[in-house]
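Reproduced below: work35.cif, with mmCIF, C-alpha atoms.
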data_protein
loop_
_atom_site.group_PDB
_atom_site.id
_atom_site.type_symbol
_atom_site.label_atom_id
_atom_site.label_comp_id
_atom_site.auth_asym_id
_atom_site.auth_seq_id
_atom_site.Cartn_x
_atom_site.Cartn_y
_atom_site.Cartn_z
ATOM 1 C CA ASP A 1100 -10.104 -10.405 116.530
ATOM 2 C CA ARG A 1101 -11.342 -6.963 117.519
ATOM 3 C CA LEU A 1102 -9.092 -5.317 114.937
ATOM 4 C CA ALA A 1103 -10.305 -7.750 112.244
ATOM 5 C CA ALA A 1104 -13.901 -7.000 113.131
ATOM 6 C CA MET A 1105 -13.267 -3.239 112.880
ATOM 7 C CA LYS A 1106 -11.618 -3.651 109.475
ATOM 8 C CA SER A 1107 -14.447 -5.838 108.242
ATOM 9 C CA GLY A 1108 -16.974 -3.269 109.407
ATOM 10 C CA LEU A 1109 -15.182 -0.471 107.638
ATOM 11 C CA LEU A 1110 -14.989 -2.502 104.449
ATOM 12 C CA GLY A 1111 -18.654 -3.641 104.672
ATOM 13 C CA VAL A 1112 -17.695 -7.326 104.927
ATOM 14 C CA GLU A 1113 -19.306 -9.668 107.477
ATOM 15 C CA PRO A 1114 -16.644 -10.995 109.824
ATOM 16 C CA ALA A 1115 -15.949 -14.682 109.653
ATOM 17 C CA ARG A 1116 -17.540 -16.722 112.441
ATOM 18 C CA PRO A 1117 -15.270 -18.839 114.592
ATOM 19 C CA ARG A 1118 -14.992 -22.489 113.602
ATOM 20 C CA ARG A 1119 -16.272 -23.624 117.001
ATOM 21 C CA ALA A 1120 -19.537 -21.680 116.552
ATOM 22 C CA LEU A 1121 -20.064 -23.239 113.130
ATOM 23 C CA LEU A 1122 -19.561 -26.718 114.562
ATOM 24 C CA SER A 1123 -22.019 -25.978 117.403
ATOM 25 C CA ASP A 1124 -24.709 -24.841 114.931
ATOM 26 C CA THR A 1125 -24.138 -27.932 112.799
ATOM 27 C CA TRP A 1126 -24.488 -30.308 115.751
ATOM 28 C CA LEU A 1127 -27.621 -28.475 116.906
ATOM 29 C CA ARG A 1128 -29.223 -28.927 113.494
ATOM 30 C CA VAL A 1129 -28.232 -32.597 113.463
ATOM 31 C CA LEU A 1130 -29.737 -33.080 116.921
ATOM 32 C CA VAL A 1131 -33.035 -31.412 115.985
ATOM 33 C CA VAL A 1132 -33.333 -33.411 112.772
ATOM 34 C CA GLY A 1133 -32.478 -36.636 114.621
ATOM 35 C CA LEU A 1134 -35.124 -36.043 117.287
ATOM 36 C CA GLY A 1135 -37.714 -35.279 114.615
ATOM 37 C CA CYS A 1136 -36.876 -38.469 112.726
ATOM 38 C CA ALA A 1137 -37.026 -40.508 115.937
ATOM 39 C CA TRP A 1138 -40.473 -39.096 116.813
ATOM 40 C CA LEU A 1139 -41.759 -39.755 113.291
ATOM 41 C CA CYS A 1140 -40.433 -43.324 113.262
ATOM 42 C CA THR A 1141 -41.931 -44.022 116.691
ATOM 43 C CA SER A 1142 -45.345 -42.701 115.630
ATOM 44 C CA LEU A 1143 -45.303 -44.751 112.425
ATOM 45 C CA TRP A 1144 -44.243 -47.883 114.300
ATOM 46 C CA LEU A 1145 -46.980 -47.426 116.914
ATOM 47 C CA ALA A 1146 -49.639 -46.876 114.247
ATOM 48 C CA TRP A 1147 -48.448 -49.925 112.323
ATOM 49 C CA SER A 1148 -48.408 -52.072 115.481
ATOM 50 C CA LEU A 1149 -51.932 -51.085 116.495
ATOM 51 C CA ARG A 1150 -53.235 -51.689 112.987
ATOM 52 C CA ARG A 1151 -51.567 -55.087 112.812
ATOM 53 C CA ASP A 1152 -52.665 -56.033 116.344
ATOM 54 C CA PRO A 1153 -56.383 -55.162 116.780
ATOM 55 C CA ALA A 1154 -56.428 -56.972 120.119
ATOM 56 C CA GLY A 1155 -53.709 -54.676 121.425
ATOM 57 C CA ALA A 1156 -55.611 -51.624 120.229
ATOM 58 C CA ALA A 1157 -58.795 -52.900 121.872
ATOM 59 C CA SER A 1158 -56.889 -53.554 125.089
ATOM 60 C CA LEU A 1159 -55.524 -50.018 125.001
ATOM 61 C CA ARG A 1160 -59.031 -48.605 124.524
ATOM 62 C CA ARG A 1161 -60.392 -50.742 127.360
ATOM 63 C CA SER A 1162 -57.615 -49.542 129.622
ATOM 64 C CA HIS A 1163 -58.456 -45.937 128.770
ATOM 65 C CA GLU A 1164 -62.178 -46.579 129.356
ATOM 66 C CA MET A 1165 -61.489 -48.214 132.730
ATOM 67 C CA THR A 1166 -59.388 -45.220 133.764
ATOM 68 C CA GLU A 1167 -62.223 -42.856 132.824
ATOM 69 C CA LEU A 1168 -64.715 -45.066 134.674
ATOM 70 C CA SER A 1169 -62.562 -45.066 137.811
ATOM 71 C CA ASN A 1170 -62.373 -41.273 137.696
ATOM 72 C CA GLU A 1171 -66.165 -41.024 137.311
ATOM 73 C CA VAL A 1172 -66.712 -43.362 140.282
ATOM 74 C CA LEU A 1173 -64.344 -41.278 142.408
ATOM 75 C CA ILE A 1174 -66.174 -38.071 141.490
ATOM 76 C CA LEU A 1175 -69.533 -39.732 142.224
ATOM 77 C CA ARG A 1176 -68.368 -40.865 145.664
ATOM 78 C CA ARG A 1177 -67.244 -37.346 146.523
ATOM 79 C CA GLN A 1178 -70.546 -35.871 145.341
ATOM 80 C CA LEU A 1179 -72.529 -38.452 147.306
ATOM 81 C CA ALA A 1180 -70.549 -37.762 150.485
ATOM 82 C CA SER A 1181 -71.150 -34.031 150.048
ATOM 83 C CA MET A 1182 -74.890 -34.542 149.436
ATOM 84 C CA VAL A 1183 -75.256 -36.759 152.507
ATOM 85 C CA SER A 1184 -73.456 -34.188 154.636
ATOM 86 C CA ASP A 1185 -75.604 -31.313 153.358
ATOM 87 C CA ALA A 1186 -78.814 -33.330 153.775
ATOM 88 C CA ASP A 1187 -77.969 -34.276 157.352
ATOM 89 C CA GLU A 1188 -77.107 -30.686 158.231
ATOM 90 C CA ALA A 1189 -80.382 -29.442 156.740
ATOM 91 C CA ALA A 1190 -82.397 -32.069 158.604
ATOM 92 C CA ALA A 1191 -80.607 -31.308 161.857
ATOM 93 C CA SER A 1192 -81.242 -27.563 161.567
ATOM 94 C CA GLY A 1193 -84.914 -28.180 160.729
ATOM 95 C CA ALA A 1194 -85.369 -30.439 163.757
ATOM 96 C CA GLY A 1195 -84.122 -27.914 166.287
ATOM 97 C CA GLY A 1196 -80.484 -28.940 166.088
ATOM 98 C CA THR A 1197 -81.040 -32.631 166.721
ATOM 99 C CA GLU A 1198 -79.390 -35.040 164.309
ATOM 100 C CA PRO A 1199 -81.564 -37.674 162.589
ATOM 101 C CA PRO A 1200 -81.182 -41.172 164.010
ATOM 102 C CA PRO A 1201 -78.661 -43.398 162.238
ATOM 103 C CA PRO A 1202 -79.978 -46.332 160.216
ATOM 104 C CA PRO A 1203 -80.502 -49.498 162.281
ATOM 105 C CA THR A 1204 -77.863 -52.211 162.079
ATOM 106 C CA ASP A 1205 -77.631 -55.852 163.042
ATOM 107 C CA ALA A 1206 -75.202 -57.415 165.540
ATOM 108 C CA LEU A 1207 -72.390 -57.281 162.988
ATOM 109 C CA GLY A 1208 -72.894 -53.611 162.254
ATOM 110 C CA HIS A 1209 -74.466 -54.230 158.859
ATOM 111 C CA ALA A 1210 -77.485 -52.246 157.722
ATOM 112 C CA ASP A 1211 -80.759 -54.052 158.274
ATOM 113 C CA PRO A 1212 -82.534 -54.413 154.879
ATOM 114 C CA ALA A 1213 -85.800 -55.259 156.628
ATOM 115 C CA ALA A 1214 -85.864 -52.013 158.591
ATOM 116 C CA ASP A 1215 -89.060 -49.973 158.445
ATOM 117 C CA THR A 1216 -89.498 -46.431 157.121
ATOM 118 C CA ALA A 1217 -87.997 -44.999 160.325
ATOM 119 C CA SER A 1218 -84.600 -45.896 158.880
ATOM 120 C CA ARG A 1219 -85.160 -43.582 155.919
ATOM 121 C CA HIS A 1220 -84.096 -39.979 155.769
ATOM 122 C CA PRO A 1221 -87.042 -37.794 156.812
ATOM 123 C CA GLU A 1222 -86.852 -35.499 153.784
ATOM 124 C CA PHE A 1223 -84.329 -36.455 151.080
ATOM 125 C CA ARG A 1224 -83.942 -39.466 148.789
ATOM 126 C CA LEU A 1225 -81.311 -40.198 146.162
ATOM 127 C CA ALA A 1226 -82.077 -42.508 143.220
ATOM 128 C CA MET A 1227 -79.238 -44.499 141.647
ATOM 129 C CA ILE A 1228 -80.161 -45.737 138.155
ATOM 130 C CA VAL A 1229 -78.426 -48.937 137.027
ATOM 131 C CA PRO A 1230 -79.256 -50.231 133.515
ATOM 132 C CA TRP A 1231 -78.153 -53.837 132.967
ATOM 133 C CA LEU A 1232 -77.830 -55.352 129.494
ATOM 134 C CA GLY A 1233 -77.466 -59.079 128.998
ATOM 135 C CA ALA A 1234 -79.189 -62.355 129.774
ATOM 136 C CA GLU A 1235 -76.727 -63.362 132.508
ATOM 137 C CA LEU A 1236 -75.757 -61.568 135.689
ATOM 138 C CA PRO A 1237 -72.155 -61.387 136.925
ATOM 139 C CA ARG A 1238 -71.112 -63.648 139.782
ATOM 140 C CA TRP A 1239 -70.638 -60.695 142.091
ATOM 141 C CA PHE A 1240 -74.191 -59.368 141.566
ATOM 142 C CA ASP A 1241 -75.509 -60.768 144.871
ATOM 143 C CA LEU A 1242 -72.672 -59.036 146.730
ATOM 144 C CA PHE A 1243 -73.470 -55.779 144.958
ATOM 145 C CA VAL A 1244 -77.151 -55.999 145.929
ATOM 146 C CA ALA A 1245 -76.221 -56.792 149.536
ATOM 147 C CA SER A 1246 -73.998 -53.715 149.640
ATOM 148 C CA CYS A 1247 -76.888 -51.583 148.384
ATOM 149 C CA ALA A 1248 -78.708 -52.263 151.650
ATOM 150 C CA GLY A 1249 -76.057 -50.252 153.472
ATOM 151 C CA SER A 1250 -77.319 -47.060 151.807
ATOM 152 C CA ALA A 1251 -81.024 -47.627 152.564
ATOM 153 C CA TYR A 1252 -81.106 -44.538 154.769
ATOM 154 C CA LEU A 1253 -80.749 -42.205 151.779
ATOM 155 C CA VAL A 1254 -80.474 -44.133 148.488
ATOM 156 C CA ASP A 1255 -82.914 -46.115 146.324
ATOM 157 C CA TRP A 1256 -81.402 -48.362 143.646
ATOM 158 C CA LEU A 1257 -83.435 -48.697 140.433
ATOM 159 C CA ILE A 1258 -82.065 -51.580 138.354
ATOM 160 C CA PHE A 1259 -83.439 -51.749 134.804
ATOM 161 C CA HIS A 1260 -82.883 -55.056 132.995
ATOM 162 C CA GLU A 1261 -84.123 -57.177 130.085
ATOM 163 C CA ASP A 1262 -85.671 -60.232 131.789
ATOM 164 C CA ALA A 1263 -82.406 -61.185 133.508
ATOM 165 C CA PRO A 1264 -82.676 -64.058 136.044
ATOM 166 C CA ILE A 1265 -83.052 -62.039 139.256
ATOM 167 C CA ASP A 1266 -84.246 -63.196 142.663
ATOM 168 C CA VAL A 1267 -86.594 -60.314 143.428
ATOM 169 C CA ALA A 1268 -87.656 -61.730 146.780
ATOM 170 C CA ALA A 1269 -84.094 -61.509 148.131
ATOM 171 C CA ALA A 1270 -83.712 -57.839 147.261
ATOM 172 C CA PRO A 1271 -83.321 -55.247 150.061
ATOM 173 C CA ALA A 1272 -86.130 -52.774 150.587
ATOM 174 C CA ASN A 1273 -84.261 -49.979 148.783
ATOM 175 C CA VAL A 1274 -83.555 -52.031 145.626
ATOM 176 C CA ARG A 1275 -86.206 -52.121 142.907
ATOM 177 C CA TYR A 1276 -85.968 -54.254 139.756
ATOM 178 C CA ILE A 1277 -87.681 -53.014 136.585
ATOM 179 C CA SER A 1278 -87.857 -55.498 133.709
ATOM 180 C CA LEU A 1279 -88.192 -53.966 130.250
ATOM 181 C CA GLY A 1280 -88.425 -57.309 128.419
ATOM 182 C CA PRO A 1281 -86.157 -58.689 125.660
ATOM 183 C CA HIS A 1282 -84.450 -55.841 123.803
ATOM 184 C CA GLY A 1283 -86.561 -53.525 125.920
ATOM 185 C CA MET A 1284 -83.712 -51.197 126.898
ATOM 186 C CA GLY A 1285 -83.292 -49.914 123.355
ATOM 187 C CA ALA A 1286 -87.053 -49.692 122.861
ATOM 188 C CA HIS A 1287 -87.592 -47.803 126.103
ATOM 189 C CA PHE A 1288 -84.737 -45.346 125.559
ATOM 190 C CA GLY A 1289 -85.743 -44.827 121.929
ATOM 191 C CA VAL A 1290 -89.358 -44.015 122.797
ATOM 192 C CA GLN A 1291 -88.432 -41.749 125.695
ATOM 193 C CA LEU A 1292 -85.709 -39.867 123.805
ATOM 194 C CA ALA A 1293 -88.010 -39.297 120.839
ATOM 195 C CA ARG A 1294 -90.662 -37.928 123.200
ATOM 196 C CA LEU A 1295 -88.239 -35.747 125.157
ATOM 197 C CA THR A 1296 -86.668 -34.242 122.040
ATOM 198 C CA GLY A 1297 -90.040 -33.511 120.454
ATOM 199 C CA GLU A 1298 -89.375 -35.865 117.524
ATOM 200 C CA PRO A 1299 -92.104 -38.526 117.764
ATOM 201 C CA ASN A 1300 -91.801 -39.239 114.044
ATOM 202 C CA GLN A 1301 -88.258 -40.534 114.720
ATOM 203 C CA THR A 1302 -89.356 -43.047 117.341
ATOM 204 C CA HIS A 1303 -89.080 -46.114 115.119
ATOM 205 C CA THR A 1304 -85.644 -45.093 113.836
ATOM 206 C CA LEU A 1305 -84.309 -44.384 117.323
ATOM 207 C CA VAL A 1306 -85.655 -47.664 118.687
ATOM 208 C CA ARG A 1307 -84.018 -49.687 115.892
ATOM 209 C CA LEU A 1308 -80.688 -47.881 116.222
ATOM 210 C CA LEU A 1309 -80.531 -48.186 120.018
ATOM 211 C CA GLN A 1310 -81.605 -51.835 120.028
ATOM 212 C CA HIS A 1311 -78.844 -52.638 117.531
ATOM 213 C CA ALA A 1312 -76.266 -50.572 119.441
ATOM 214 C CA PHE A 1313 -77.093 -52.067 122.848
ATOM 215 C CA ALA A 1314 -77.132 -55.625 121.470
ATOM 216 C CA THR A 1315 -73.829 -55.207 119.629
ATOM 217 C CA TRP A 1316 -71.953 -52.909 122.016
ATOM 218 C CA PRO A 1317 -73.605 -53.089 125.469
ATOM 219 C CA TYR A 1318 -71.082 -50.647 126.913
ATOM 220 C CA ALA A 1319 -72.517 -47.978 124.600
ATOM 221 C CA ILE A 1320 -75.302 -47.378 127.099
ATOM 222 C CA VAL A 1321 -72.894 -45.406 129.298
ATOM 223 C CA GLU A 1322 -72.822 -42.758 126.564
ATOM 224 C CA TYR A 1323 -76.448 -41.956 127.506
ATOM 225 C CA LYS A 1324 -75.769 -41.283 131.195
ATOM 226 C CA PRO A 1325 -76.950 -37.655 130.952
ATOM 227 C CA THR A 1326 -80.381 -38.952 129.871
ATOM 228 C CA TYR A 1327 -80.832 -41.648 132.545
ATOM 229 C CA GLY A 1328 -82.950 -39.494 134.824
ATOM 230 C CA ALA A 1329 -85.312 -38.229 132.118
ATOM 231 C CA ALA A 1330 -85.473 -41.475 130.141
ATOM 232 C CA THR A 1331 -86.334 -43.607 133.188
ATOM 233 C CA SER A 1332 -88.659 -41.187 134.926
ATOM 234 C CA ASP A 1333 -91.601 -43.109 133.479
ATOM 235 C CA PRO A 1334 -90.660 -46.798 132.985
ATOM 236 C CA HIS A 1335 -94.048 -47.739 131.536
#

Can you turn what I pasted into structure tokens?
Amino acid sequence: DRLAAMKSGLLGVEPARPRRALLSDTWLRVLVVGLGCAWLCTSLWLAWSLRRDPAGAASLRRSHEMTELSNEVLILRRQLASMVSDADEAAASGAGGTEPPPPPTDALGHADPAADTASRHPEFRLAMIVPWLGAELPRWFDLFVASCAGSAYLVDWLIFHEDAPIDVAAAPANVRYISLGPHGMGAHFGVQLARLTGEPNQTHTLVRLLQHAFATWPYAIVEYKPTYGAATSDPH
């Protein structure tokens, strides 16, 4: 083989490649082409399946949205725990190293919703804004409100709704209900966003668009999370 290669080099002819190398290159090309065809067929089949089965596509989107929501809740819990820790440390250092008293509890260890202002943090408050769209409340709403009482030491819950049937008298001291009236969520957000963006001439357009969006796709309100604080700073 070495002698043949030397002769081929002297004559300016490319030496012949071994048959085994040619077969290896051929199989490699076949493998690459086969994998490409398999990927293309799989993509086409998936696109065709989702187009033919809208319910499956919607279920896939809901699953993705729930995953994103779970991640956001986890991040929020971590941020809240960090804020509580920093607030308590600041209050303790400002009071000569003494920690603020813990919120009062009942015999079962649950937070007392009827506790007075002594159960509130002496300096910091955290507002949690909860917009609710719909005429009916979920069955677990009473349990949610009861759990809100456990954070009365630091957190106020502001629940905006559209005349939903709510028992205001049974609410804990740190839960406040704000009714915006029928279709009021879209009207309120539209007016506030037009004011905040300096486009008062677009108020009517924004109100109509948001009312339609919230009535047709209630989940769309989560897309406006960055504006919750500014848009609800003045509920009137």

For the PyMOL selection byres ((chain A and resi 1276) around 8), applied here, can you spell out every residue it catches as a count of residues only? 9

Just to confirm, what's the straight-line distance from atom CA of A:Arg1219 to atom CA of A:Leu1253 in Å (one decimal)?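 Distance between the two atoms: 6.2 Å.
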
Starting from the displayed file, determine the output of the PyMOL selection byres ((chain A and resi 1304-1309) around 8) and express the residue list as a PyMOL selection string. chain A and resi 1285-1290+1293+1301-1303+1310-1313

How many Å lie between atom CA of A:Asp1187 and atom CA of A:Val1254, rounded to one decimal? 13.5 Å

I'd like the interatomic distance between atom CA of A:Trp1231 and atom CA of A:Pro1317, to a tenth of an Å.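 A separation of 8.8 Å between them.
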
Residue nearest A:Gly1233 among A:Ser1332, A:Thr1315, A:Gln1291, A:Asn1300 (counting only C-alpha atoms): A:Thr1315

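Distance annotation: of A:Leu1168, A:Leu1225, A:Leu1232, A:Gly1249, the residue with the minimal separation from A:Asp1262 is A:Leu1232; atom set is all atoms listed in the file.
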
Near A:Asp1255, counting only C-alpha atoms, which residues have an atom at most 12 Å away, once you skip same-chain residues fewer than 3 positions from it, shown as a list in words?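 Skipping anything fewer than 3 positions along the chain leaves Pro1212, Arg1219, His1220, Phe1223, Arg1224, Leu1225, Ala1226, Met1227, Ile1228, Val1229, Val1244, Cys1247, Ala1248, Gly1249, Ser1250, Ala1251, Tyr1252, Ile1258, Ala1270, Pro1271, Ala1272, Asn1273, Val1274, Arg1275 and Tyr1276 of chain A.
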
What does stretch 1292-1313 of chain A look like written to a file with C-alpha atoms, as a CSV table (one decimal), in the first residue's frame?
chain,number,residue,atom,x,y,z
A,1292,LEU,CA,-53.4,52.8,31.5
A,1293,ALA,CA,-54.5,55.7,29.3
A,1294,ARG,CA,-53.7,58.1,32.1
A,1295,LEU,CA,-50.4,56.5,33.0
A,1296,THR,CA,-49.2,56.4,29.4
A,1297,GLY,CA,-50.1,60.0,28.7
A,1298,GLU,CA,-52.7,59.0,26.0
A,1299,PRO,CA,-56.0,60.2,27.4
A,1300,ASN,CA,-57.4,60.4,23.8
A,1301,GLN,CA,-57.1,56.6,23.7
A,1302,THR,CA,-59.1,56.0,26.8
A,1303,HIS,CA,-62.3,54.8,25.0
A,1304,THR,CA,-60.4,52.5,22.7
A,1305,LEU,CA,-58.4,50.9,25.6
A,1306,VAL,CA,-61.6,50.5,27.7
A,1307,ARG,CA,-63.4,48.7,24.8
A,1308,LEU,CA,-60.4,46.5,24.0
A,1309,LEU,CA,-59.8,45.4,27.6
A,1310,GLN,CA,-63.5,44.8,28.3
A,1311,HIS,CA,-63.7,42.6,25.3
A,1312,ALA,CA,-60.4,40.8,26.2
A,1313,PHE,CA,-61.3,40.2,29.8
